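Asker: Input structure: data-v8.txt, which contains compact mmCIF, C-alpha atoms.
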```txt
# COMPACT_ATOMS: atom_id res chain seq x y z
CA MET A 1 74.44 -87.47 -232.98
CA SER A 2 77.61 -88.98 -231.48
CA ALA A 3 80.50 -86.71 -230.55
CA PRO A 4 82.77 -87.63 -233.51
CA HIS A 5 79.92 -87.15 -235.97
CA ALA A 6 79.01 -83.82 -234.40
CA HIS A 7 82.62 -82.71 -234.90
CA GLU A 8 82.61 -83.79 -238.56
CA HIS A 9 79.32 -81.93 -239.10
CA ALA A 10 80.77 -78.78 -237.55
CA ILE A 11 83.66 -78.86 -240.05
CA ALA A 12 81.58 -79.83 -243.09
CA ALA A 13 78.75 -77.34 -242.66
CA PRO A 14 80.69 -74.19 -243.58
CA VAL A 15 81.92 -75.78 -246.83
CA ARG A 16 78.37 -76.71 -247.80
CA ILE A 17 77.19 -73.19 -247.04
CA ARG A 18 80.08 -71.65 -248.99
CA ARG A 19 79.39 -73.98 -251.89
CA PHE A 20 75.72 -73.02 -251.90
CA GLY A 21 76.67 -69.34 -251.81
CA LEU A 22 79.02 -69.79 -254.76
CA TRP A 23 76.29 -71.48 -256.80
CA LEU A 24 73.91 -68.63 -255.97
CA PHE A 25 76.51 -66.15 -257.20
CA LEU A 26 77.08 -68.13 -260.41
CA PHE A 27 73.33 -68.36 -261.01
CA SER A 28 72.87 -64.60 -260.58
CA ASP A 29 75.90 -63.91 -262.84
CA SER A 30 74.46 -66.23 -265.48
CA MET A 31 71.39 -63.97 -265.71
CA LEU A 32 73.63 -61.19 -267.02
CA PHE A 33 74.91 -63.42 -269.80
CA LEU A 34 71.41 -64.73 -270.52
CA VAL A 35 70.21 -61.17 -271.09
CA LEU A 36 73.11 -60.54 -273.49
CA LEU A 37 72.28 -63.76 -275.33
CA ILE A 38 68.61 -62.81 -275.68
CA ALA A 39 69.53 -59.27 -276.74
CA ARG A 40 71.67 -60.73 -279.54
CA PHE A 41 68.65 -62.46 -281.08
CA LEU A 42 66.24 -59.57 -280.41
CA LEU A 43 68.56 -56.99 -281.99
CA GLN A 44 70.08 -58.99 -284.84
CA GLY A 45 67.96 -62.11 -285.29
CA THR A 46 70.19 -64.86 -286.66
CA HIS A 47 72.24 -62.49 -288.83
CA ARG A 48 76.00 -62.84 -288.69
CA PRO A 49 78.64 -61.19 -290.89
CA GLU A 50 80.37 -63.49 -293.36
CA GLU A 51 83.68 -61.78 -292.53
CA LEU A 52 83.81 -63.34 -289.03
CA ASN A 53 87.07 -65.23 -288.63
CA GLN A 54 85.78 -68.78 -288.18
CA THR A 55 89.23 -70.29 -287.72
CA LEU A 56 90.03 -67.89 -284.90
CA GLY A 57 86.60 -68.42 -283.30
CA LEU A 58 87.07 -72.19 -283.29
CA THR A 59 90.67 -71.91 -282.08
CA ILE A 60 89.81 -69.80 -279.03
CA THR A 61 86.87 -72.11 -278.31
CA LEU A 62 89.16 -75.16 -278.30
CA ILE A 63 91.62 -73.27 -276.09
CA LEU A 64 88.92 -72.54 -273.51
CA LEU A 65 87.55 -76.10 -273.60
CA THR A 66 91.09 -77.42 -273.05
CA SER A 67 91.52 -75.03 -270.12
CA SER A 68 88.44 -76.56 -268.46
CA PHE A 69 90.01 -79.98 -268.93
CA THR A 70 93.30 -78.90 -267.28
CA ALA A 71 91.37 -77.11 -264.51
CA ASN A 72 89.49 -80.33 -263.76
CA ARG A 73 92.78 -82.25 -263.67
CA ALA A 74 94.24 -79.67 -261.29
CA GLU A 75 91.28 -80.04 -258.93
CA MET A 76 91.38 -83.84 -259.05
CA ALA A 77 95.14 -83.79 -258.49
CA ILE A 78 95.03 -81.74 -255.28
CA ALA A 79 92.05 -83.78 -254.09
CA ASN A 80 94.31 -86.83 -254.40
CA GLY A 81 97.35 -85.16 -252.83
CA LYS A 82 99.31 -84.81 -256.09
CA ARG A 83 100.72 -81.31 -255.63
CA GLU A 84 103.10 -81.24 -258.62
CA MET A 85 100.35 -82.38 -260.97
CA PHE A 86 97.99 -79.81 -259.42
CA LEU A 87 100.44 -76.96 -259.98
CA ARG A 88 101.32 -78.09 -263.51
CA ASN A 89 97.69 -78.27 -264.62
CA LEU A 90 96.73 -75.05 -262.87
CA LEU A 91 99.56 -73.24 -264.63
CA ALA A 92 98.41 -74.72 -267.95
CA THR A 93 94.88 -73.42 -267.23
CA ILE A 94 96.21 -69.92 -266.50
CA LEU A 95 98.29 -69.92 -269.69
CA LEU A 96 95.39 -71.17 -271.81
CA GLY A 97 93.11 -68.52 -270.31
CA THR A 98 95.67 -65.86 -271.14
CA LEU A 99 95.97 -67.24 -274.68
CA PHE A 100 92.18 -67.03 -275.06
CA LEU A 101 92.25 -63.39 -273.95
CA ILE A 102 95.03 -62.58 -276.42
CA GLY A 103 93.05 -64.28 -279.19
CA VAL A 104 89.96 -62.20 -278.47
CA VAL A 105 91.48 -58.82 -277.62
CA ALA A 106 94.56 -58.75 -279.84
CA PHE A 107 93.27 -60.61 -282.89
CA GLU A 108 89.47 -60.89 -283.02
CA TRP A 109 88.57 -57.39 -281.89
CA PRO A 110 90.84 -55.50 -284.36
CA GLU A 111 89.46 -57.63 -287.22
CA ALA A 112 85.84 -57.13 -286.11
CA MET A 113 86.36 -53.36 -285.92
CA HIS A 114 86.49 -53.30 -289.74
CA PHE A 115 83.27 -55.15 -290.59
CA ALA A 116 81.29 -54.70 -287.36
CA PRO A 117 82.31 -51.52 -285.52
CA PRO A 118 80.80 -51.12 -282.03
CA SER A 119 78.42 -48.47 -283.40
CA SER A 120 76.79 -51.01 -285.76
CA GLY A 121 74.04 -53.45 -284.74
CA TYR A 122 76.14 -56.59 -284.87
CA GLY A 123 79.14 -54.75 -283.45
CA THR A 124 77.13 -53.73 -280.38
CA VAL A 125 76.13 -57.34 -279.80
CA PHE A 126 79.57 -58.75 -280.60
CA PHE A 127 81.62 -56.39 -278.44
CA SER A 128 79.14 -56.46 -275.54
CA MET A 129 79.10 -60.25 -275.41
CA THR A 130 82.81 -60.87 -275.99
CA GLY A 131 83.77 -57.89 -273.81
CA MET A 132 81.73 -59.00 -270.81
CA HIS A 133 82.99 -62.54 -271.22
CA ALA A 134 86.62 -61.42 -271.61
CA ALA A 135 86.30 -59.42 -268.36
CA HIS A 136 85.22 -62.61 -266.61
CA VAL A 137 88.10 -64.58 -268.17
CA PHE A 138 90.50 -61.87 -267.01
CA SER A 139 89.20 -62.01 -263.44
CA GLY A 140 89.34 -65.83 -263.60
CA VAL A 141 92.99 -65.73 -264.66
CA LEU A 142 93.77 -63.38 -261.76
CA ILE A 143 91.98 -65.61 -259.22
CA LEU A 144 93.65 -68.78 -260.55
CA SER A 145 97.03 -67.04 -260.43
CA LEU A 146 96.46 -66.24 -256.76
CA VAL A 147 95.51 -69.87 -256.08
CA TYR A 148 98.64 -71.01 -257.97
CA ARG A 149 100.82 -68.73 -255.87
CA LEU A 150 99.26 -70.06 -252.67
CA GLY A 151 99.62 -73.63 -253.93
CA ARG A 152 103.33 -73.12 -254.59
CA ARG A 153 103.68 -71.99 -250.98
CA GLY A 154 102.18 -75.24 -249.77
CA ALA A 155 98.55 -74.19 -249.29
CA PHE A 156 95.72 -76.66 -250.01
CA ALA A 157 95.54 -80.38 -249.38
CA PRO A 158 92.92 -83.11 -249.77
CA GLY A 159 89.90 -81.99 -247.74
CA GLN A 160 91.31 -78.46 -247.37
CA MET A 161 90.92 -77.06 -250.85
CA TRP A 162 87.93 -74.73 -250.86
CA GLY A 163 89.95 -72.00 -252.58
CA VAL A 164 90.85 -74.38 -255.38
CA GLU A 165 87.32 -75.71 -255.72
CA ALA A 166 85.71 -72.25 -255.79
CA SER A 167 88.15 -70.73 -258.28
CA ILE A 168 87.93 -73.73 -260.61
CA LYS A 169 84.13 -73.80 -260.44
CA TYR A 170 84.19 -70.13 -261.48
CA TRP A 171 86.51 -71.02 -264.36
CA HIS A 172 84.17 -73.76 -265.59
CA PHE A 173 81.30 -71.27 -265.37
CA VAL A 174 83.20 -68.91 -267.67
CA ASP A 175 83.68 -71.83 -270.05
CA ILE A 176 79.94 -72.65 -270.00
CA VAL A 177 79.14 -69.06 -270.97
CA TRP A 178 81.40 -69.43 -274.02
CA VAL A 179 79.77 -72.77 -274.85
CA PHE A 180 76.65 -70.71 -275.65
CA PHE A 181 78.35 -67.55 -276.93
CA TYR A 182 80.46 -69.33 -279.56
CA PRO A 183 77.56 -70.78 -281.57
CA THR A 184 75.46 -67.67 -280.95
CA LEU A 185 78.10 -65.34 -282.38
CA TYR A 186 79.91 -67.53 -284.92
CA LEU A 187 77.58 -70.29 -286.10
CA VAL A 188 73.92 -69.21 -286.18
CA ARG A 189 72.50 -67.98 -289.46
CA MET B 1 86.64 -95.53 -250.92
CA MET B 2 86.46 -94.75 -254.66
CA HIS B 3 84.15 -96.64 -257.00
CA GLY B 4 83.91 -96.63 -260.80
CA PRO B 5 86.42 -95.05 -263.19
CA SER B 6 89.07 -92.72 -261.81
CA PRO B 7 88.17 -89.00 -261.85
CA PHE B 8 91.11 -88.39 -264.20
CA ARG B 9 89.69 -90.87 -266.72
CA VAL B 10 86.24 -89.30 -266.42
CA GLY B 11 87.83 -85.91 -267.13
CA VAL B 12 89.39 -87.24 -270.36
CA ILE B 13 86.10 -88.82 -271.51
CA VAL B 14 84.15 -85.60 -270.84
CA PHE B 15 86.77 -83.55 -272.70
CA ALA B 16 86.53 -85.91 -275.69
CA GLY B 17 82.74 -85.55 -275.54
CA LEU B 18 82.99 -81.75 -275.52
CA LEU B 19 85.28 -81.83 -278.58
CA GLY B 20 82.92 -84.21 -280.38
CA LEU B 21 79.91 -82.01 -279.64
CA THR B 22 81.81 -78.96 -280.91
CA ALA B 23 82.47 -80.82 -284.16
CA LEU B 24 78.74 -81.62 -284.32
CA GLU B 25 77.92 -77.93 -283.85
CA ILE B 26 80.08 -76.95 -286.80
CA THR B 27 78.55 -79.71 -288.93
CA ALA B 28 75.02 -78.60 -287.95
CA ALA B 29 75.85 -74.98 -288.78
CA ASN B 30 77.05 -75.99 -292.25
CA VAL B 31 74.38 -78.57 -293.07
CA LEU B 32 71.13 -77.23 -291.61
CA ALA B 33 69.27 -74.31 -293.18
CA ARG B 34 68.25 -72.92 -289.77
CA PRO B 35 70.60 -74.45 -287.19
CA VAL B 36 69.68 -72.26 -284.18
CA LEU B 37 67.64 -74.86 -282.30
CA ALA B 38 70.16 -77.66 -282.92
CA LEU B 39 73.01 -75.38 -281.78
CA MET B 40 71.19 -74.43 -278.57
CA ILE B 41 70.40 -78.09 -277.79
CA LEU B 42 74.04 -79.06 -278.34
CA GLY B 43 75.05 -76.13 -276.12
CA VAL B 44 72.77 -77.36 -273.35
CA VAL B 45 74.29 -80.86 -273.59
CA LYS B 46 77.85 -79.44 -273.43
CA ALA B 47 76.92 -77.22 -270.47
CA GLY B 48 75.31 -80.23 -268.78
CA LEU B 49 78.51 -82.25 -269.12
CA ILE B 50 80.57 -79.44 -267.59
CA LEU B 51 78.06 -78.81 -264.80
CA TRP B 52 77.74 -82.46 -263.83
CA PHE B 53 81.26 -83.82 -264.27
CA TYR B 54 83.57 -80.79 -263.98
CA MET B 55 81.59 -78.59 -261.56
CA HIS B 56 80.22 -81.54 -259.51
CA LEU B 57 76.70 -80.09 -259.36
CA ARG B 58 75.49 -83.14 -257.43
CA GLN B 59 77.60 -82.04 -254.43
CA LEU B 60 74.87 -79.49 -253.73
CA TRP B 61 72.51 -82.14 -252.39
CA GLN B 62 75.09 -84.66 -251.16
CA GLU B 63 76.08 -85.10 -247.55
CA GLU B 64 79.76 -84.36 -246.90
```
Mind turning the file's structure into structure tokens?

Answerer:
Amino acid sequence: MSAPHAHEHAIAAPVRIRRFGLWLFLFSDSMLFLVLLIARFLLQGTHRPEELNQTLGLTITLILLTSSFTANRAEMAIANGKREMFLRNLLATILLGTLFLIGVVAFEWPEAMHFAPPSSGYGTVFFSMTGMHAAHVFSGVLILSLVYRLGRRGAFAPGQMWGVEASIKYWHFVDIVWVFFYPTLYLVR
Amino acid sequence: MMHGPSPFRVGVIVFAGLLGLTALEITAANVLARPVLALMILGVVKAGLILWFYMHLRQLWQEE
């Protein structure tokens, strides 16, 4: 290996190792959600209450899908040196994530309390799944807010954006969980 | 050097695909008598799109 290549390898290796570590973490975290998903079918079969607010369920789903889109744009923007676009899209992602949380905690949960209290079978499943997911969304919003703050101070640049990459990968992971939770909670019958 | 469509354009196409698949999920839930399998398959496709295009899964086995 020539000297310049050896230098490049020395810089690149830690990022590859960090990336692999992040994927391992996401894989282990996904097992938690997989267990919740399986428990939903074991405990309740394909039963779902008719009172579930379908409009709200679809709305928060579209909000989270849109947040993944803006998160991707933020990552691509900083990778191409477009700082303003990066900050704008990251802020949009944070706001959409917050909106999702408000939709679940302030609107969906109070409604569900009436027809599926946590002590009932479906309530146990519903509040466990949405609660665990909401906790992940909350931590994602906090992490993205930290990245946004650092970005406003001039941190991150093309080739030096591990913090952005890691936080946005985590955000997409949270979105993937909802990709399965939405049909499992709102659509199966 | 970049090849193929810009990453921004890919992001838009994937987002449109995710919205379309969500519409398919709702249709399947309303049309099929037992939509569980169809919903799970559509979920896997949506997750695959996010994993491959938004989370860049292929980076795991690419050289830097």

Asker: If we count all atoms listed in the file, which residues of chain A reach to within 10 Å of chain B? Please list them as JSON, numbers by chain.

Answerer: {"A": [8, 9, 11, 12, 13, 15, 16, 17, 19, 20, 23, 46, 58, 61, 62, 65, 66, 68, 69, 70, 71, 72, 73, 74, 75, 76, 77, 80, 165, 166, 168, 169, 170, 171, 172, 173, 175, 176, 177, 178, 179, 180, 181, 182, 183, 184, 186, 187, 188, 189]}

Asker: Work out how far CA of Phe156 in chain A is from CA of Ile78 in chain A, in Å to one decimal.

Answerer: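 Result for CA of Ile78 in chain A versus CA of Phe156 in chain A: 7.4 Å, one decimal.
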
Asker: Kindly indicate which residue among A:Met132, A:Lys82, A:Ser139, A:Gly57 lies nearest to Val35 in chain A, using only C-alpha atoms for the distances.

Answerer: A:Met132

Asker: Using CA of Pro158 in chain A and CA of Ala79 in chain A as the two end points, give the distance in Å to one decimal.

Answerer: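 Calculated distance between CA of Pro158 in chain A and CA of Ala79 in chain A is 4.5 Å.
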
Asker: May I ask for the distance between CA of Ser119 in chain A and CA of Gln44 in chain A, given in Å to one decimal place?

Answerer: 13.5 Å

Asker: Neighbours of Val125 in chain A within 8 Å (all atoms listed in the file; same-chain residues fewer than 6 positions away dropped), as a list in words?

Answerer: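 Contacts, with the query itself left out: Leu36, Ala39, Arg40 and Leu43 of chain A.
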
Asker: Which neighbours of Leu99 in chain A fall inside 12 Å, counting all atoms listed in the file, when residues of the same chain fewer than 3 positions from it are skipped, and could you give them as a list in words?

Answerer: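 Once the adjacent positions are removed, what remains is Leu56, Thr59, Ile60, Thr61, Leu62, Ile63, Leu64, Thr66, Ser67, Ala92, Thr93, Ile94, Leu95, Leu96, Ile102, Gly103, Val104, Val105, Ala106, Phe107, Ala134, Val137, Phe138 and Val141 of chain A.
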
Asker: For Ala155 in chain A, please output as a ChimeraX atom specification all residues within 12 Å (counting only C-alpha atoms; exclusion window: fewer than 5 positions along the same chain).

Answerer: /A:78,81,83,86-87,146-150,160-164

Asker: Output C-alpha atoms for every residue in that selection, as a PDB file, in the frame of the given file.

Answerer:
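File written: again33.pdb
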```pdb
ATOM      1  CA  ILE A  78      95.030 -81.740-255.280  1.00  0.00           C
ATOM      2  CA  GLY A  81      97.350 -85.160-252.830  1.00  0.00           C
ATOM      3  CA  ARG A  83     100.720 -81.310-255.630  1.00  0.00           C
ATOM      4  CA  PHE A  86      97.990 -79.810-259.420  1.00  0.00           C
ATOM      5  CA  LEU A  87     100.440 -76.960-259.980  1.00  0.00           C
ATOM      6  CA  LEU A 146      96.460 -66.240-256.760  1.00  0.00           C
ATOM      7  CA  VAL A 147      95.510 -69.870-256.080  1.00  0.00           C
ATOM      8  CA  TYR A 148      98.640 -71.010-257.970  1.00  0.00           C
ATOM      9  CA  ARG A 149     100.820 -68.730-255.870  1.00  0.00           C
ATOM     10  CA  LEU A 150      99.260 -70.060-252.670  1.00  0.00           C
ATOM     11  CA  GLN A 160      91.310 -78.460-247.370  1.00  0.00           C
ATOM     12  CA  MET A 161      90.920 -77.060-250.850  1.00  0.00           C
ATOM     13  CA  TRP A 162      87.930 -74.730-250.860  1.00  0.00           C
ATOM     14  CA  GLY A 163      89.950 -72.000-252.580  1.00  0.00           C
ATOM     15  CA  VAL A 164      90.850 -74.380-255.380  1.00  0.00           C
TER      16      VAL A 164
END
```
